[in-house]
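Q: The structure's right below; bear with me while I get my questions together.
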Amino acid sequence: MTSRADDPDHLALEPELAMKIDVSYLNTSVLRFDPLLPDPGFGADMVILDLEDSVHVRHKDEAREVFARLDLSSFAGRRPGFGIRINSLKTRDGLLDLCTVAKRLCDGDSGLSFIQLPKTEARSELELCRAVLNDAGCSTRLIPIVETPRGVDHVEEIAEASDAMMFGRVDMEAAMYRPNPAYIAYARARFCVACAGRGIPAIDTAGFRTGADIMDLDRFEQECLAGRAEGFTAKAMVHPAQIAVTNRIFTLDEAQMDVWRATIADYGRAKSGFSVVDGRVIAPPFVAHARAMLRLYAET
C-alpha cells in the first residue's frame, strides 16, 4: 500500500508544505536565562538551557534548583522551543540532572522538547536515559553530543538510538594533544554519514578558541557554509549575534524542496529508469535522495 509520503503527486503538488526541521540552537546557561525577554531565543529555533559546561562545578546544585522552578509553559506551541543539556550520565551531577528533568516531564512540563546528553560515548547511555524516563512515566527526544574520539568510534550505534545528534568540535579538539585537521575531518564525515543513515538531523557546533573568534561573523559564516556542504543540517551557537547567519545559511527555501518534489513526480511519470528532464537526471539514486531529504526537512 502506498502512503501519502510515497505518493509522487502528493509530494509534487503541495508547495505550501513548510520546513519543520530546527536549524538554529542557542546555548545559554540556566543561571543566565531570562524568560521575561520578548524573545529569549533572539530568533533561534531552539534554546538549549545548559546545566553542564556553562555552570561552574560549585554551582551545579543551584542550577538544578533554578531549572526546577523555571516556568516555560508560556512558550508551549511557539518559538523558541527549549531543550535541556544535562551533565554527562557518567557523573553524579548528570544522574541528579536526569532525575530533575524526569520529575518536570512527569509533572506535565510541555515546554521541554529534548534532553541533550554531552560526551556520549555509547548507545547504553541513551538506553539508560530512556529507562529512567520510562520508569518515571514520561518521555522526550534525546540528542547526544558526540565530542570525544571514543564517541566517534561508536557514532553509528549512538545514531541508531538518537532523535538527532550534535557534533561538539571544541571538546573534540580539546581531547587531543593538538587540533588535528585530518582527524576532525574524518570524525565530522563519519558523524554526518551516521546521521544520514538514520535519517536524523546532524547539528554542528561553533568552533572557536578565543573570544575574538566568537564575534568574527565572517569567519562564522564560512564555517556555516563549510558545515552545510559537509552534510550538517543545523548549527548550535554560543552568541545571539550568530543566529541570523545560521538561519540564513541552514534554512532551505521552498524552491529547493520543489526540486525534490519534481524529481519524485517526474520519475513517477517516466517511461524508463534513467532520463533527463530540464537538465536534471531522473534516476533511482536521485529519487531516493529527494525522498530522504523531504522526510528530513518536511516530515512528509
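The way I read the labels, and the way they are meant: chains A, B, ... in the order of the C-alpha cells, residue 1 as the first residue of every chain, and ligand 1 as the first ligand shown, with later ones counted on from there.
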Extract, using only C-alpha atoms, all DNA, RNA and protein residues at most 8 Å from Pro240 of chain A, discarding same-chain residues fewer than 6 positions from it, and format them as number ranges by chain.
A: A: 26, 41-42
Q: Please report, as a Markdown table, each residue of segment 207-281 of chain A lying at most 10 Å from segment 164-185 of chain A, together with the nearest pair of atoms and the separation in Å rounded to one decimal; use only C-alpha atoms, and order rows by chain and ascending residue number.
A:
| residue | atom | partner | partner_atom | distance |
| --- | --- | --- | --- | --- |
| A:Gly207 | CA | A:Val170 | CA | 5.9 |
| A:Phe208 | CA | A:Val170 | CA | 6.9 |
| A:Arg209 | CA | A:Val170 | CA | 7.9 |
| A:Glu230 | CA | A:Ala185 | CA | 9.4 |
| A:Phe232 | CA | A:Phe167 | CA | 9.3 |
| A:Ala234 | CA | A:Met166 | CA | 9.0 |
| A:Lys235 | CA | A:Met166 | CA | 8.6 |
| A:Ala236 | CA | A:Met166 | CA | 8.3 |
Q: Generate the output file for the selected residues, C-alpha atoms, as a PDB file, in the first residue's frame.
A:
ATOM      1  CA  GLY A 207      34.274  26.332  16.511  1.00  0.00           C
ATOM      2  CA  PHE A 208      36.322  28.870  18.486  1.00  0.00           C
ATOM      3  CA  ARG A 209      39.434  29.248  20.574  1.00  0.00           C
ATOM      4  CA  GLU A 230      29.702  18.553   4.640  1.00  0.00           C
ATOM      5  CA  PHE A 232      25.194  19.204   8.568  1.00  0.00           C
ATOM      6  CA  ALA A 234      21.678  22.747  11.681  1.00  0.00           C
ATOM      7  CA  LYS A 235      24.021  24.746  13.891  1.00  0.00           C
ATOM      8  CA  ALA A 236      24.367  25.368  17.622  1.00  0.00           C
TER       9      ALA A 236
END
Q: Measuring between only C-alpha atoms, which one of A:Ile21, A:Ala102, A:Val238, A:Ala76 shows the shortest distance to Gly137 of chain A?
A: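 Comparing A:Ile21, A:Ala102, A:Val238, A:Ala76 against Gly137 of chain A, the winner is A:Ala102.
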Q: Return as an MDAnalysis selection string the full set of residues in segment 76-201 of chain A whose backbone-based DSSP assignment is helix (DSSP H, G or I).
A: chainID A and resid 92:106 123:135 149:153 155:160 169:174 181:198
Q: Apply DSSP to the structure's backbone, then extract all residues of segment 91-293 of chain A labelled strand (DSSP E) and return them as an NGL selection string.
A: :A and (112-117 or 141-146 or 165-167 or 202-205 or 234-237 or 275-277 or 280-282)
Q: For the residues in that selection, give me C-alpha atoms as a compact mmCIF listing (two decimals), in the first residue's frame.
A:
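Final file, again_21.txt:
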# COMPACT_ATOMS: atom_id res chain seq x y z
CA LEU A 112 10.79 20.93 27.01
CA SER A 113 11.41 19.44 23.57
CA PHE A 114 14.53 17.37 24.23
CA ILE A 115 17.31 16.33 26.58
CA GLN A 116 20.87 16.81 25.39
CA LEU A 117 23.45 14.28 26.56
CA ARG A 141 13.54 13.39 22.43
CA LEU A 142 17.21 12.61 23.09
CA ILE A 143 20.05 14.46 21.35
CA PRO A 144 23.52 13.16 22.26
CA ILE A 145 26.64 15.25 21.66
CA VAL A 146 29.46 13.28 20.06
CA MET A 165 22.90 14.23 17.06
CA MET A 166 25.23 17.12 17.69
CA PHE A 167 28.95 17.25 16.88
CA ALA A 202 23.04 16.47 12.03
CA ILE A 203 23.72 19.52 14.23
CA ASP A 204 27.08 21.26 14.03
CA THR A 205 28.55 23.48 16.75
CA ALA A 234 21.68 22.75 11.68
CA LYS A 235 24.02 24.75 13.89
CA ALA A 236 24.37 25.37 17.62
CA MET A 237 25.70 28.77 18.67
CA SER A 275 16.06 10.12 -18.06
CA VAL A 276 16.98 13.80 -18.16
CA VAL A 277 14.26 16.40 -17.50
CA ARG A 280 18.04 17.08 -14.07
CA VAL A 281 18.94 13.40 -14.09
CA ILE A 282 15.88 11.38 -13.10
Q: Show which residues sit within 9 Å of segment 118-133 of chain A, as an NGL selection string. Count only C-alpha atoms, and ignore same-chain residues fewer than 2 positions away.
A: :A and (52 or 85-90 or 98-99 or 101-103 or 105-106 or 116 or 135-140 or 142-155 or 157-162 or 168 or 171)
Q: Determine the nearest neighbour of Thr233 of chain A from the options A:Pro201, A:Pro35, A:Pro284, A:Gly108, counting only C-alpha atoms.
A: A:Pro201
Q: If you count only C-alpha atoms, which residues fall within 9 Å of Asp266 of chain A, apart from same-chain ones fewer than 2 positions away, as JSON, numbers by chain?
A: {"A": [8, 12, 261, 262, 263, 264, 268, 269, 270, 277, 282]}
Q: Can you write out the residues you just picked, keeping all heavy atoms, as a PDB file, in the first residue's frame?
A:
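Saved file result_32.pdb follows:
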ATOM      1  N   PRO A   8       4.105  10.265  -5.389  1.00  0.00           N
ATOM      2  CA  PRO A   8       4.821  11.354  -6.037  1.00  0.00           C
ATOM      3  C   PRO A   8       3.956  12.570  -6.283  1.00  0.00           C
ATOM      4  O   PRO A   8       4.425  13.704  -6.227  1.00  0.00           O
ATOM      5  CB  PRO A   8       5.319  10.726  -7.354  1.00  0.00           C
ATOM      6  CG  PRO A   8       4.457   9.522  -7.567  1.00  0.00           C
ATOM      7  CD  PRO A   8       4.107   9.038  -6.189  1.00  0.00           C
ATOM      8  N   ALA A  12       4.709  16.380  -5.079  1.00  0.00           N
ATOM      9  CA  ALA A  12       4.945  17.376  -6.103  1.00  0.00           C
ATOM     10  C   ALA A  12       3.952  18.521  -6.037  1.00  0.00           C
ATOM     11  O   ALA A  12       4.245  19.626  -6.478  1.00  0.00           O
ATOM     12  CB  ALA A  12       4.871  16.714  -7.477  1.00  0.00           C
ATOM     13  N   ARG A 261      10.570  17.506  -4.938  1.00  0.00           N
ATOM     14  CA  ARG A 261       9.229  17.010  -5.276  1.00  0.00           C
ATOM     15  C   ARG A 261       9.118  16.731  -6.770  1.00  0.00           C
ATOM     16  O   ARG A 261       8.540  15.717  -7.188  1.00  0.00           O
ATOM     17  CB  ARG A 261       8.170  18.026  -4.846  1.00  0.00           C
ATOM     18  CG  ARG A 261       8.104  18.282  -3.347  1.00  0.00           C
ATOM     19  CD  ARG A 261       6.963  19.241  -3.013  1.00  0.00           C
ATOM     20  NE  ARG A 261       7.071  19.689  -1.639  1.00  0.00           N
ATOM     21  CZ  ARG A 261       7.368  20.925  -1.265  1.00  0.00           C
ATOM     22  NH1 ARG A 261       7.566  21.861  -2.168  1.00  0.00           N
ATOM     23  NH2 ARG A 261       7.444  21.242   0.010  1.00  0.00           N
ATOM     24  N   ALA A 262       9.671  17.636  -7.574  1.00  0.00           N
ATOM     25  CA  ALA A 262       9.604  17.460  -9.029  1.00  0.00           C
ATOM     26  C   ALA A 262      10.377  16.221  -9.464  1.00  0.00           C
ATOM     27  O   ALA A 262       9.950  15.499 -10.379  1.00  0.00           O
ATOM     28  CB  ALA A 262      10.155  18.703  -9.730  1.00  0.00           C
ATOM     29  N   THR A 263      11.511  15.953  -8.831  1.00  0.00           N
ATOM     30  CA  THR A 263      12.298  14.766  -9.161  1.00  0.00           C
ATOM     31  C   THR A 263      11.472  13.503  -8.935  1.00  0.00           C
ATOM     32  O   THR A 263      11.450  12.593  -9.773  1.00  0.00           O
ATOM     33  CB  THR A 263      13.581  14.721  -8.315  1.00  0.00           C
ATOM     34  OG1 THR A 263      14.398  15.840  -8.657  1.00  0.00           O
ATOM     35  CG2 THR A 263      14.350  13.426  -8.547  1.00  0.00           C
ATOM     36  N   ILE A 264      10.770  13.442  -7.812  1.00  0.00           N
ATOM     37  CA  ILE A 264       9.940  12.279  -7.496  1.00  0.00           C
ATOM     38  C   ILE A 264       8.777  12.160  -8.480  1.00  0.00           C
ATOM     39  O   ILE A 264       8.475  11.083  -8.995  1.00  0.00           O
ATOM     40  CB  ILE A 264       9.430  12.374  -6.048  1.00  0.00           C
ATOM     41  CG1 ILE A 264      10.602  12.327  -5.064  1.00  0.00           C
ATOM     42  CG2 ILE A 264       8.443  11.243  -5.739  1.00  0.00           C
ATOM     43  CD1 ILE A 264      10.235  12.703  -3.650  1.00  0.00           C
ATOM     44  N   GLY A 268       7.932   9.289 -11.383  1.00  0.00           N
ATOM     45  CA  GLY A 268       6.661   8.575 -11.418  1.00  0.00           C
ATOM     46  C   GLY A 268       6.025   8.582 -12.798  1.00  0.00           C
ATOM     47  O   GLY A 268       5.280   7.661 -13.151  1.00  0.00           O
ATOM     48  N   ARG A 269       6.310   9.610 -13.600  1.00  0.00           N
ATOM     49  CA  ARG A 269       5.742   9.700 -14.948  1.00  0.00           C
ATOM     50  C   ARG A 269       6.669   9.149 -16.023  1.00  0.00           C
ATOM     51  O   ARG A 269       6.293   9.061 -17.191  1.00  0.00           O
ATOM     52  CB  ARG A 269       5.434  11.169 -15.269  1.00  0.00           C
ATOM     53  CG  ARG A 269       4.299  11.763 -14.442  1.00  0.00           C
ATOM     54  CD  ARG A 269       3.935  13.148 -14.947  1.00  0.00           C
ATOM     55  NE  ARG A 269       4.971  14.123 -14.649  1.00  0.00           N
ATOM     56  CZ  ARG A 269       4.961  14.917 -13.569  1.00  0.00           C
ATOM     57  NH1 ARG A 269       3.967  14.840 -12.696  1.00  0.00           N
ATOM     58  NH2 ARG A 269       5.927  15.795 -13.370  1.00  0.00           N
ATOM     59  N   ALA A 270       7.914   8.829 -15.625  1.00  0.00           N
ATOM     60  CA  ALA A 270       8.914   8.422 -16.620  1.00  0.00           C
ATOM     61  C   ALA A 270       8.586   7.074 -17.238  1.00  0.00           C
ATOM     62  O   ALA A 270       7.943   6.226 -16.630  1.00  0.00           O
ATOM     63  CB  ALA A 270      10.296   8.391 -15.972  1.00  0.00           C
ATOM     64  N   VAL A 277      15.389  15.477 -17.398  1.00  0.00           N
ATOM     65  CA  VAL A 277      14.265  16.403 -17.504  1.00  0.00           C
ATOM     66  C   VAL A 277      14.735  17.781 -17.043  1.00  0.00           C
ATOM     67  O   VAL A 277      15.160  17.942 -15.893  1.00  0.00           O
ATOM     68  CB  VAL A 277      13.069  15.935 -16.642  1.00  0.00           C
ATOM     69  CG1 VAL A 277      11.940  16.961 -16.724  1.00  0.00           C
ATOM     70  CG2 VAL A 277      12.598  14.558 -17.069  1.00  0.00           C
ATOM     71  N   ILE A 282      16.962  12.038 -13.820  1.00  0.00           N
ATOM     72  CA  ILE A 282      15.879  11.376 -13.099  1.00  0.00           C
ATOM     73  C   ILE A 282      16.174   9.887 -13.076  1.00  0.00           C
ATOM     74  O   ILE A 282      16.021   9.184 -14.083  1.00  0.00           O
ATOM     75  CB  ILE A 282      14.513  11.648 -13.762  1.00  0.00           C
ATOM     76  CG1 ILE A 282      14.300  13.148 -13.961  1.00  0.00           C
ATOM     77  CG2 ILE A 282      13.396  11.039 -12.933  1.00  0.00           C
ATOM     78  CD1 ILE A 282      14.310  13.952 -12.686  1.00  0.00           C
TER      79      ILE A 282
END
Q: Check the smallest atom-to-atom distance from each of A:Thr100, A:Ser74, A:Asn27, A:Gln256 to Ala44 of chain A using only C-alpha atoms, then report the winner.
A: A:Asn27
